[in-house]
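Have a look at data15.cif; it's mmCIF, all heavy atoms:
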```
data_coords
loop_
_atom_site.label_atom_id
_atom_site.label_comp_id
_atom_site.auth_asym_id
_atom_site.auth_seq_id
_atom_site.Cartn_x
_atom_site.Cartn_y
_atom_site.Cartn_z
N MET O 230 -47.32 -85.26 124.08
CA MET O 230 -47.48 -84.86 125.47
C MET O 230 -46.31 -85.38 126.29
O MET O 230 -45.93 -86.55 126.16
CB MET O 230 -48.77 -85.41 126.04
CG MET O 230 -50.00 -84.68 125.58
SD MET O 230 -51.50 -85.43 126.21
CE MET O 230 -51.49 -84.80 127.86
N ALA O 231 -45.80 -84.52 127.12
CA ALA O 231 -44.67 -84.91 127.98
C ALA O 231 -45.20 -85.61 129.23
O ALA O 231 -46.30 -85.34 129.70
CB ALA O 231 -43.88 -83.68 128.37
N ARG O 232 -44.39 -86.49 129.77
CA ARG O 232 -44.73 -87.15 131.03
C ARG O 232 -44.52 -86.18 132.17
O ARG O 232 -43.58 -85.40 132.17
CB ARG O 232 -43.84 -88.38 131.25
CG ARG O 232 -43.95 -89.44 130.20
CD ARG O 232 -45.10 -90.32 130.49
NE ARG O 232 -45.17 -91.37 129.48
CZ ARG O 232 -45.91 -92.43 129.61
NH1 ARG O 232 -46.60 -92.62 130.69
NH2 ARG O 232 -45.96 -93.33 128.66
N SER O 233 -45.39 -86.25 133.17
CA SER O 233 -45.26 -85.34 134.30
C SER O 233 -44.27 -85.90 135.31
O SER O 233 -44.03 -87.11 135.38
CB SER O 233 -46.60 -85.12 134.98
OG SER O 233 -46.99 -86.27 135.69
N THR O 234 -43.71 -85.02 136.11
CA THR O 234 -42.77 -85.45 137.15
C THR O 234 -43.50 -85.88 138.41
O THR O 234 -42.87 -86.38 139.34
CB THR O 234 -41.79 -84.31 137.49
OG1 THR O 234 -42.56 -83.17 137.90
CG2 THR O 234 -40.93 -83.96 136.30
N ALA O 235 -44.83 -85.71 138.46
CA ALA O 235 -45.60 -86.12 139.63
C ALA O 235 -45.77 -87.63 139.68
O ALA O 235 -46.03 -88.19 140.75
CB ALA O 235 -46.96 -85.45 139.63
N ARG O 236 -45.64 -88.32 138.53
CA ARG O 236 -45.78 -89.79 138.49
C ARG O 236 -44.55 -90.39 137.82
O ARG O 236 -44.60 -90.82 136.66
CB ARG O 236 -47.04 -90.18 137.73
CG ARG O 236 -48.32 -89.77 138.43
CD ARG O 236 -49.53 -90.39 137.81
NE ARG O 236 -49.54 -91.83 137.92
CZ ARG O 236 -49.98 -92.52 138.97
NH1 ARG O 236 -50.42 -91.88 140.02
NH2 ARG O 236 -49.96 -93.82 138.97
N PRO O 237 -43.43 -90.48 138.55
CA PRO O 237 -42.20 -91.01 137.95
C PRO O 237 -42.24 -92.54 137.83
O PRO O 237 -43.01 -93.21 138.51
CB PRO O 237 -41.11 -90.57 138.92
CG PRO O 237 -41.81 -90.52 140.24
CD PRO O 237 -43.21 -90.04 139.92
N VAL O 238 -41.37 -93.05 136.99
CA VAL O 238 -41.20 -94.50 136.85
C VAL O 238 -40.33 -94.98 138.00
O VAL O 238 -39.29 -94.40 138.29
CB VAL O 238 -40.54 -94.84 135.49
CG1 VAL O 238 -40.23 -96.31 135.39
CG2 VAL O 238 -41.43 -94.40 134.36
N VAL O 239 -40.77 -96.05 138.68
CA VAL O 239 -39.99 -96.64 139.78
C VAL O 239 -39.75 -98.11 139.48
O VAL O 239 -40.55 -98.77 138.82
CB VAL O 239 -40.69 -96.48 141.14
CG1 VAL O 239 -40.77 -95.03 141.55
CG2 VAL O 239 -42.04 -97.12 141.15
N LYS O 240 -38.64 -98.62 139.97
CA LYS O 240 -38.29 -100.03 139.79
C LYS O 240 -38.55 -100.75 141.11
O LYS O 240 -38.12 -100.30 142.17
CB LYS O 240 -36.82 -100.15 139.41
CG LYS O 240 -36.41 -101.56 139.04
CD LYS O 240 -34.93 -101.66 138.76
CE LYS O 240 -34.61 -101.05 137.42
NZ LYS O 240 -33.21 -101.32 137.03
N LEU O 241 -39.27 -101.86 141.03
CA LEU O 241 -39.56 -102.69 142.21
C LEU O 241 -38.68 -103.93 142.16
O LEU O 241 -38.71 -104.67 141.17
CB LEU O 241 -41.03 -103.10 142.23
CG LEU O 241 -42.06 -101.97 142.21
CD1 LEU O 241 -43.46 -102.56 142.08
CD2 LEU O 241 -41.96 -101.14 143.46
N ARG O 242 -37.89 -104.17 143.20
CA ARG O 242 -36.99 -105.32 143.25
C ARG O 242 -37.49 -106.32 144.29
O ARG O 242 -37.93 -105.93 145.37
CB ARG O 242 -35.57 -104.90 143.58
CG ARG O 242 -34.59 -106.07 143.55
CD ARG O 242 -33.16 -105.66 143.62
NE ARG O 242 -32.76 -104.78 142.53
CZ ARG O 242 -32.35 -105.23 141.33
NH1 ARG O 242 -32.32 -106.51 141.08
NH2 ARG O 242 -31.97 -104.37 140.42
N SER O 243 -37.39 -107.60 143.97
CA SER O 243 -37.87 -108.67 144.85
C SER O 243 -37.05 -108.71 146.14
O SER O 243 -35.83 -108.60 146.13
CB SER O 243 -37.74 -110.01 144.14
OG SER O 243 -38.04 -111.07 145.02
N THR O 244 -37.76 -108.88 147.27
CA THR O 244 -37.08 -109.01 148.55
C THR O 244 -36.57 -110.43 148.79
O THR O 244 -35.87 -110.68 149.77
CB THR O 244 -38.01 -108.60 149.71
OG1 THR O 244 -39.17 -109.43 149.67
CG2 THR O 244 -38.41 -107.15 149.61
N ALA O 245 -36.92 -111.35 147.89
CA ALA O 245 -36.46 -112.73 148.02
C ALA O 245 -35.02 -112.89 147.56
O ALA O 245 -34.43 -113.96 147.73
CB ALA O 245 -37.37 -113.66 147.22
N GLY O 246 -34.44 -111.84 146.97
CA GLY O 246 -33.05 -111.89 146.55
C GLY O 246 -32.83 -112.63 145.23
O GLY O 246 -31.72 -113.07 144.95
N THR O 247 -33.86 -112.74 144.41
CA THR O 247 -33.74 -113.46 143.15
C THR O 247 -33.31 -112.56 142.00
O THR O 247 -32.96 -113.04 140.93
CB THR O 247 -35.07 -114.13 142.78
OG1 THR O 247 -36.08 -113.12 142.69
CG2 THR O 247 -35.47 -115.16 143.81
N GLY O 248 -33.38 -111.23 142.20
CA GLY O 248 -32.99 -110.29 141.15
C GLY O 248 -34.11 -109.94 140.19
O GLY O 248 -33.88 -109.23 139.22
N VAL O 249 -35.32 -110.42 140.43
CA VAL O 249 -36.46 -110.12 139.57
C VAL O 249 -36.93 -108.70 139.86
O VAL O 249 -37.00 -108.28 141.01
CB VAL O 249 -37.61 -111.12 139.80
CG1 VAL O 249 -38.83 -110.77 138.98
CG2 VAL O 249 -37.14 -112.52 139.48
N THR O 250 -37.26 -107.95 138.80
CA THR O 250 -37.74 -106.58 138.96
C THR O 250 -39.02 -106.36 138.17
O THR O 250 -39.28 -107.03 137.18
CB THR O 250 -36.70 -105.55 138.49
OG1 THR O 250 -36.42 -105.78 137.11
CG2 THR O 250 -35.42 -105.62 139.30
N TYR O 251 -39.83 -105.44 138.65
CA TYR O 251 -41.00 -104.93 137.94
C TYR O 251 -40.80 -103.42 137.78
O TYR O 251 -40.14 -102.79 138.61
CB TYR O 251 -42.29 -105.15 138.74
CG TYR O 251 -42.87 -106.54 138.65
CD1 TYR O 251 -42.59 -107.50 139.61
CD2 TYR O 251 -43.74 -106.87 137.63
CE1 TYR O 251 -43.14 -108.76 139.54
CE2 TYR O 251 -44.30 -108.13 137.55
CZ TYR O 251 -43.99 -109.07 138.51
OH TYR O 251 -44.54 -110.32 138.44
N VAL O 252 -41.38 -102.83 136.75
CA VAL O 252 -41.33 -101.39 136.54
C VAL O 252 -42.75 -100.87 136.54
O VAL O 252 -43.62 -101.42 135.88
CB VAL O 252 -40.62 -101.05 135.21
CG1 VAL O 252 -40.63 -99.56 134.96
CG2 VAL O 252 -39.20 -101.57 135.23
N THR O 253 -42.99 -99.80 137.30
CA THR O 253 -44.32 -99.21 137.40
C THR O 253 -44.19 -97.71 137.61
O THR O 253 -43.09 -97.19 137.74
CB THR O 253 -45.13 -99.86 138.55
OG1 THR O 253 -46.47 -99.41 138.48
CG2 THR O 253 -44.53 -99.57 139.90
N ARG O 254 -45.32 -97.02 137.64
CA ARG O 254 -45.35 -95.59 137.93
C ARG O 254 -46.09 -95.40 139.24
O ARG O 254 -46.98 -96.18 139.57
CB ARG O 254 -46.07 -94.83 136.82
CG ARG O 254 -45.42 -95.02 135.47
CD ARG O 254 -46.21 -94.37 134.38
NE ARG O 254 -45.96 -92.95 134.20
CZ ARG O 254 -44.80 -92.44 133.77
NH1 ARG O 254 -43.81 -93.22 133.49
NH2 ARG O 254 -44.66 -91.14 133.62
N LYS O 255 -45.71 -94.36 140.00
CA LYS O 255 -46.41 -94.09 141.25
C LYS O 255 -46.58 -92.60 141.44
O LYS O 255 -45.83 -91.80 140.88
CB LYS O 255 -45.67 -94.70 142.43
CG LYS O 255 -44.47 -93.92 142.90
CD LYS O 255 -44.08 -94.33 144.29
CE LYS O 255 -43.16 -93.29 144.89
NZ LYS O 255 -42.82 -93.59 146.25
N SER O 256 -47.56 -92.23 142.23
CA SER O 256 -47.82 -90.83 142.53
C SER O 256 -46.98 -90.41 143.72
O SER O 256 -47.12 -90.97 144.81
CB SER O 256 -49.29 -90.62 142.85
OG SER O 256 -49.50 -89.31 143.32
N GLN O 257 -46.11 -89.42 143.53
CA GLN O 257 -45.29 -88.94 144.64
C GLN O 257 -46.11 -88.11 145.62
O GLN O 257 -45.74 -87.99 146.78
CB GLN O 257 -44.13 -88.11 144.12
CG GLN O 257 -43.04 -88.94 143.51
CD GLN O 257 -41.82 -88.11 143.15
OE1 GLN O 257 -41.94 -86.95 142.81
NE2 GLN O 257 -40.68 -88.73 143.20
N LEU O 258 -47.22 -87.54 145.16
CA LEU O 258 -48.05 -86.74 146.05
C LEU O 258 -48.81 -87.61 147.03
O LEU O 258 -48.92 -87.29 148.22
CB LEU O 258 -49.03 -85.89 145.24
CG LEU O 258 -48.40 -84.90 144.25
CD1 LEU O 258 -49.48 -84.21 143.44
CD2 LEU O 258 -47.54 -83.91 144.98
N ASN O 259 -49.36 -88.73 146.57
CA ASN O 259 -50.13 -89.62 147.44
C ASN O 259 -49.26 -90.58 148.22
O ASN O 259 -49.61 -90.97 149.34
CB ASN O 259 -51.14 -90.42 146.61
CG ASN O 259 -52.17 -89.54 145.96
OD1 ASN O 259 -52.45 -88.45 146.42
ND2 ASN O 259 -52.74 -90.01 144.87
N ASP O 260 -48.13 -91.02 147.66
CA ASP O 260 -47.26 -92.01 148.30
C ASP O 260 -45.82 -91.51 148.31
O ASP O 260 -45.00 -91.93 147.49
CB ASP O 260 -47.32 -93.34 147.54
CG ASP O 260 -48.70 -93.93 147.54
OD1 ASP O 260 -49.32 -93.94 148.61
OD2 ASP O 260 -49.15 -94.39 146.48
N PRO O 261 -45.47 -90.62 149.25
CA PRO O 261 -44.09 -90.13 149.28
C PRO O 261 -43.09 -91.17 149.79
O PRO O 261 -41.90 -91.07 149.53
CB PRO O 261 -44.15 -88.93 150.21
CG PRO O 261 -45.32 -89.19 151.09
CD PRO O 261 -46.30 -89.97 150.24
N ASP O 262 -43.58 -92.19 150.52
CA ASP O 262 -42.70 -93.23 151.04
C ASP O 262 -42.39 -94.25 149.95
O ASP O 262 -42.95 -94.22 148.87
CB ASP O 262 -43.38 -93.94 152.21
CG ASP O 262 -43.72 -92.99 153.34
OD1 ASP O 262 -43.01 -91.98 153.48
OD2 ASP O 262 -44.70 -93.26 154.05
N ARG O 263 -41.49 -95.17 150.27
CA ARG O 263 -41.16 -96.22 149.30
C ARG O 263 -42.33 -97.16 149.14
O ARG O 263 -42.99 -97.55 150.10
CB ARG O 263 -39.94 -97.00 149.77
CG ARG O 263 -38.68 -96.20 149.67
CD ARG O 263 -37.49 -97.06 149.85
NE ARG O 263 -36.29 -96.24 149.86
CZ ARG O 263 -35.08 -96.72 149.76
NH1 ARG O 263 -34.89 -98.02 149.66
NH2 ARG O 263 -34.05 -95.93 149.77
N LEU O 264 -42.57 -97.57 147.91
CA LEU O 264 -43.68 -98.43 147.57
C LEU O 264 -43.32 -99.88 147.84
O LEU O 264 -42.21 -100.32 147.51
CB LEU O 264 -44.01 -98.24 146.08
CG LEU O 264 -45.26 -98.86 145.52
CD1 LEU O 264 -46.48 -98.28 146.20
CD2 LEU O 264 -45.33 -98.60 144.03
N VAL O 265 -44.23 -100.64 148.46
CA VAL O 265 -44.05 -102.06 148.70
C VAL O 265 -45.30 -102.78 148.21
O VAL O 265 -46.40 -102.49 148.67
CB VAL O 265 -43.81 -102.36 150.20
CG1 VAL O 265 -43.68 -103.85 150.43
CG2 VAL O 265 -42.60 -101.63 150.72
N LEU O 266 -45.13 -103.69 147.24
CA LEU O 266 -46.25 -104.43 146.68
C LEU O 266 -45.95 -105.92 146.74
O LEU O 266 -44.80 -106.34 146.66
CB LEU O 266 -46.48 -104.04 145.21
CG LEU O 266 -46.89 -102.62 144.94
CD1 LEU O 266 -46.95 -102.39 143.44
CD2 LEU O 266 -48.24 -102.33 145.56
N ARG O 267 -47.01 -106.73 146.88
CA ARG O 267 -46.88 -108.18 146.87
C ARG O 267 -47.19 -108.65 145.46
O ARG O 267 -48.32 -108.56 145.00
CB ARG O 267 -47.85 -108.79 147.87
CG ARG O 267 -47.64 -110.26 148.10
CD ARG O 267 -48.43 -110.71 149.32
NE ARG O 267 -48.20 -112.12 149.55
CZ ARG O 267 -49.01 -113.09 149.13
NH1 ARG O 267 -50.11 -112.77 148.48
NH2 ARG O 267 -48.73 -114.34 149.36
N LYS O 268 -46.14 -109.14 144.76
CA LYS O 268 -46.30 -109.54 143.36
C LYS O 268 -45.67 -110.91 143.16
O LYS O 268 -44.97 -111.41 144.02
CB LYS O 268 -45.64 -108.51 142.43
CG LYS O 268 -46.31 -107.14 142.51
CD LYS O 268 -45.77 -106.16 141.53
CE LYS O 268 -46.20 -106.41 140.14
NZ LYS O 268 -47.61 -106.28 139.84
N TYR O 269 -45.91 -111.48 141.99
CA TYR O 269 -45.42 -112.82 141.68
C TYR O 269 -43.95 -112.80 141.27
O TYR O 269 -43.55 -112.00 140.43
CB TYR O 269 -46.26 -113.44 140.56
CG TYR O 269 -45.85 -114.86 140.24
CD1 TYR O 269 -46.19 -115.90 141.09
CD2 TYR O 269 -45.11 -115.15 139.10
CE1 TYR O 269 -45.82 -117.19 140.81
CE2 TYR O 269 -44.74 -116.45 138.81
CZ TYR O 269 -45.10 -117.46 139.67
OH TYR O 269 -44.73 -118.75 139.39
N ASP O 270 -43.16 -113.67 141.87
CA ASP O 270 -41.75 -113.83 141.53
C ASP O 270 -41.60 -115.20 140.86
O ASP O 270 -41.71 -116.23 141.52
CB ASP O 270 -40.88 -113.77 142.79
CG ASP O 270 -39.40 -113.74 142.49
OD1 ASP O 270 -39.00 -114.16 141.38
OD2 ASP O 270 -38.64 -113.30 143.36
N PRO O 271 -41.36 -115.24 139.53
CA PRO O 271 -41.28 -116.52 138.83
C PRO O 271 -40.08 -117.37 139.25
O PRO O 271 -40.15 -118.60 139.18
CB PRO O 271 -41.19 -116.14 137.36
CG PRO O 271 -40.77 -114.73 137.34
CD PRO O 271 -41.22 -114.12 138.62
N VAL O 272 -39.01 -116.76 139.71
CA VAL O 272 -37.84 -117.53 140.14
C VAL O 272 -38.11 -118.19 141.49
O VAL O 272 -37.79 -119.36 141.70
CB VAL O 272 -36.59 -116.62 140.22
CG1 VAL O 272 -35.39 -117.39 140.73
CG2 VAL O 272 -36.30 -116.00 138.85
N ALA O 273 -38.75 -117.45 142.41
CA ALA O 273 -39.09 -118.00 143.72
C ALA O 273 -40.30 -118.93 143.63
O ALA O 273 -40.52 -119.76 144.51
CB ALA O 273 -39.37 -116.88 144.70
N GLY O 274 -41.11 -118.76 142.59
CA GLY O 274 -42.27 -119.62 142.40
C GLY O 274 -43.46 -119.26 143.25
O GLY O 274 -44.28 -120.12 143.57
N GLY O 275 -43.56 -118.00 143.64
CA GLY O 275 -44.71 -117.58 144.44
C GLY O 275 -44.75 -116.08 144.59
O GLY O 275 -43.95 -115.36 144.00
N HIS O 276 -45.68 -115.61 145.40
CA HIS O 276 -45.82 -114.19 145.64
C HIS O 276 -44.90 -113.77 146.79
O HIS O 276 -44.89 -114.41 147.84
CB HIS O 276 -47.27 -113.85 145.99
CG HIS O 276 -48.17 -113.88 144.81
ND1 HIS O 276 -48.69 -115.05 144.32
CD2 HIS O 276 -48.61 -112.89 144.00
CE1 HIS O 276 -49.45 -114.77 143.26
NE2 HIS O 276 -49.41 -113.46 143.05
N VAL O 277 -44.15 -112.70 146.56
CA VAL O 277 -43.25 -112.15 147.58
C VAL O 277 -43.40 -110.63 147.57
O VAL O 277 -44.01 -110.07 146.67
CB VAL O 277 -41.78 -112.54 147.33
CG1 VAL O 277 -41.58 -114.03 147.44
CG2 VAL O 277 -41.30 -112.03 146.00
N LEU O 278 -42.82 -109.98 148.55
CA LEU O 278 -42.84 -108.52 148.60
C LEU O 278 -41.81 -107.94 147.63
O LEU O 278 -40.69 -108.43 147.54
CB LEU O 278 -42.54 -108.02 150.00
CG LEU O 278 -43.63 -108.25 151.05
CD1 LEU O 278 -43.16 -107.75 152.40
CD2 LEU O 278 -44.91 -107.59 150.65
N PHE O 279 -42.21 -106.91 146.92
CA PHE O 279 -41.33 -106.17 146.04
C PHE O 279 -41.24 -104.76 146.58
O PHE O 279 -42.27 -104.12 146.83
CB PHE O 279 -41.88 -106.14 144.60
CG PHE O 279 -41.58 -107.39 143.83
CD1 PHE O 279 -42.27 -108.56 144.10
CD2 PHE O 279 -40.61 -107.40 142.85
CE1 PHE O 279 -42.01 -109.71 143.39
CE2 PHE O 279 -40.34 -108.56 142.13
CZ PHE O 279 -41.03 -109.71 142.40
N ARG O 280 -40.01 -104.27 146.80
CA ARG O 280 -39.79 -102.97 147.41
C ARG O 280 -39.22 -102.00 146.39
O ARG O 280 -38.41 -102.37 145.54
CB ARG O 280 -38.81 -103.12 148.57
CG ARG O 280 -38.73 -101.95 149.49
CD ARG O 280 -37.92 -102.28 150.74
NE ARG O 280 -38.40 -103.44 151.46
CZ ARG O 280 -39.40 -103.44 152.33
NH1 ARG O 280 -40.04 -102.33 152.58
NH2 ARG O 280 -39.76 -104.55 152.94
N GLU O 281 -39.64 -100.75 146.48
CA GLU O 281 -39.16 -99.71 145.55
C GLU O 281 -37.67 -99.49 145.73
O GLU O 281 -37.16 -99.41 146.85
CB GLU O 281 -39.90 -98.40 145.81
CG GLU O 281 -39.43 -97.27 144.95
CD GLU O 281 -40.11 -95.96 145.26
OE1 GLU O 281 -41.17 -95.98 145.92
OE2 GLU O 281 -39.56 -94.93 144.87
N GLU O 282 -36.99 -99.39 144.60
CA GLU O 282 -35.55 -99.18 144.59
C GLU O 282 -35.30 -97.74 144.14
O GLU O 282 -35.98 -97.24 143.26
CB GLU O 282 -34.94 -100.15 143.58
CG GLU O 282 -33.47 -100.27 143.60
CD GLU O 282 -33.05 -101.32 142.59
OE1 GLU O 282 -33.24 -101.08 141.40
OE2 GLU O 282 -32.55 -102.37 143.01
N ARG O 283 -34.32 -97.08 144.74
CA ARG O 283 -34.03 -95.70 144.34
C ARG O 283 -32.64 -95.59 143.78
O ARG O 283 -31.81 -96.40 143.95
CB ARG O 283 -34.13 -94.76 145.53
CG ARG O 283 -35.56 -94.65 145.99
CD ARG O 283 -35.76 -93.51 146.95
NE ARG O 283 -37.16 -93.47 147.30
CZ ARG O 283 -37.61 -92.84 148.35
NH1 ARG O 283 -36.82 -92.20 149.14
NH2 ARG O 283 -38.89 -92.84 148.59
#
```
Take the structure in this file and express it as structure tokens.
Amino acid sequence: MARSTARPVVKLRSTAGTGVTYVTRKSQLNDPDRLVLRKYDPVAGGHVLFREER
């Protein structure tokens, strides 16, 4: 089965400037804007905002 283009893979980069990234999939139909999630940054040692990178 092929992957659909409605849920592409996006890279989330830490806003703390540490260079840590997460990779996830998102629905372009439900969330057309850039995705922002609060996730754990092991370099910063805590939870920070991760913003979608294009």
Open item on the list: One decimal, in Å: what's the spacing between atom CD2 of Leu258 of chain O and atom CG1 of Val238 of chain O?
Closed with: 17.3 Å
Task: Shell around Lys255 of chain O at 4 Å using all heavy atoms, local window under 2 positions removed, as number ranges by chain - done: O: 235-237, 257, 260, 262, 281
Open item on the list: I'd like the contact shell of segment 248-250 of chain O - 6 Å cut-off, all heavy atoms, skipping same-chain residues fewer than 2 positions apart - returned as number ranges by chain.
Closed with: O: 240-243, 245-246, 252, 269-273, 279, 282
Task: For atom CZ of Arg280 of chain O and atom C of Leu264 of chain O, the interatomic separation in Å (one decimal) - done: 6.9 Å
- [ ] Tell me, in Å to one decimal, how far atom CB of Arg283 of chain O is from atom CA of Val265 of chain O.
- [x]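 Between atom CB of Arg283 of chain O and atom CA of Val265 of chain O the gap is 12.7 Å.
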TODO: Based on DSSP run over this structure's backbone, return all residues of chain O in strand (DSSP E), as a list in words.
DONE: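 Of chain O, only Val238, Val239, Lys240, Leu241, Arg242, Ser243, Thr250, Tyr251, Val252, Thr253, Arg254, Val265, Leu266, Arg267, Lys268, Tyr269, Asp270, Gly275, His276, Val277, Leu278, Phe279, Arg280, Glu281 and Glu282 of chain O fall in strand (DSSP E).
Considering the residues O:His276, O:Arg263, O:Arg254, O:Lys268 and counting all atoms listed in the file, Val239 of chain O has its shortest atom-to-atom contact with O:Arg254.
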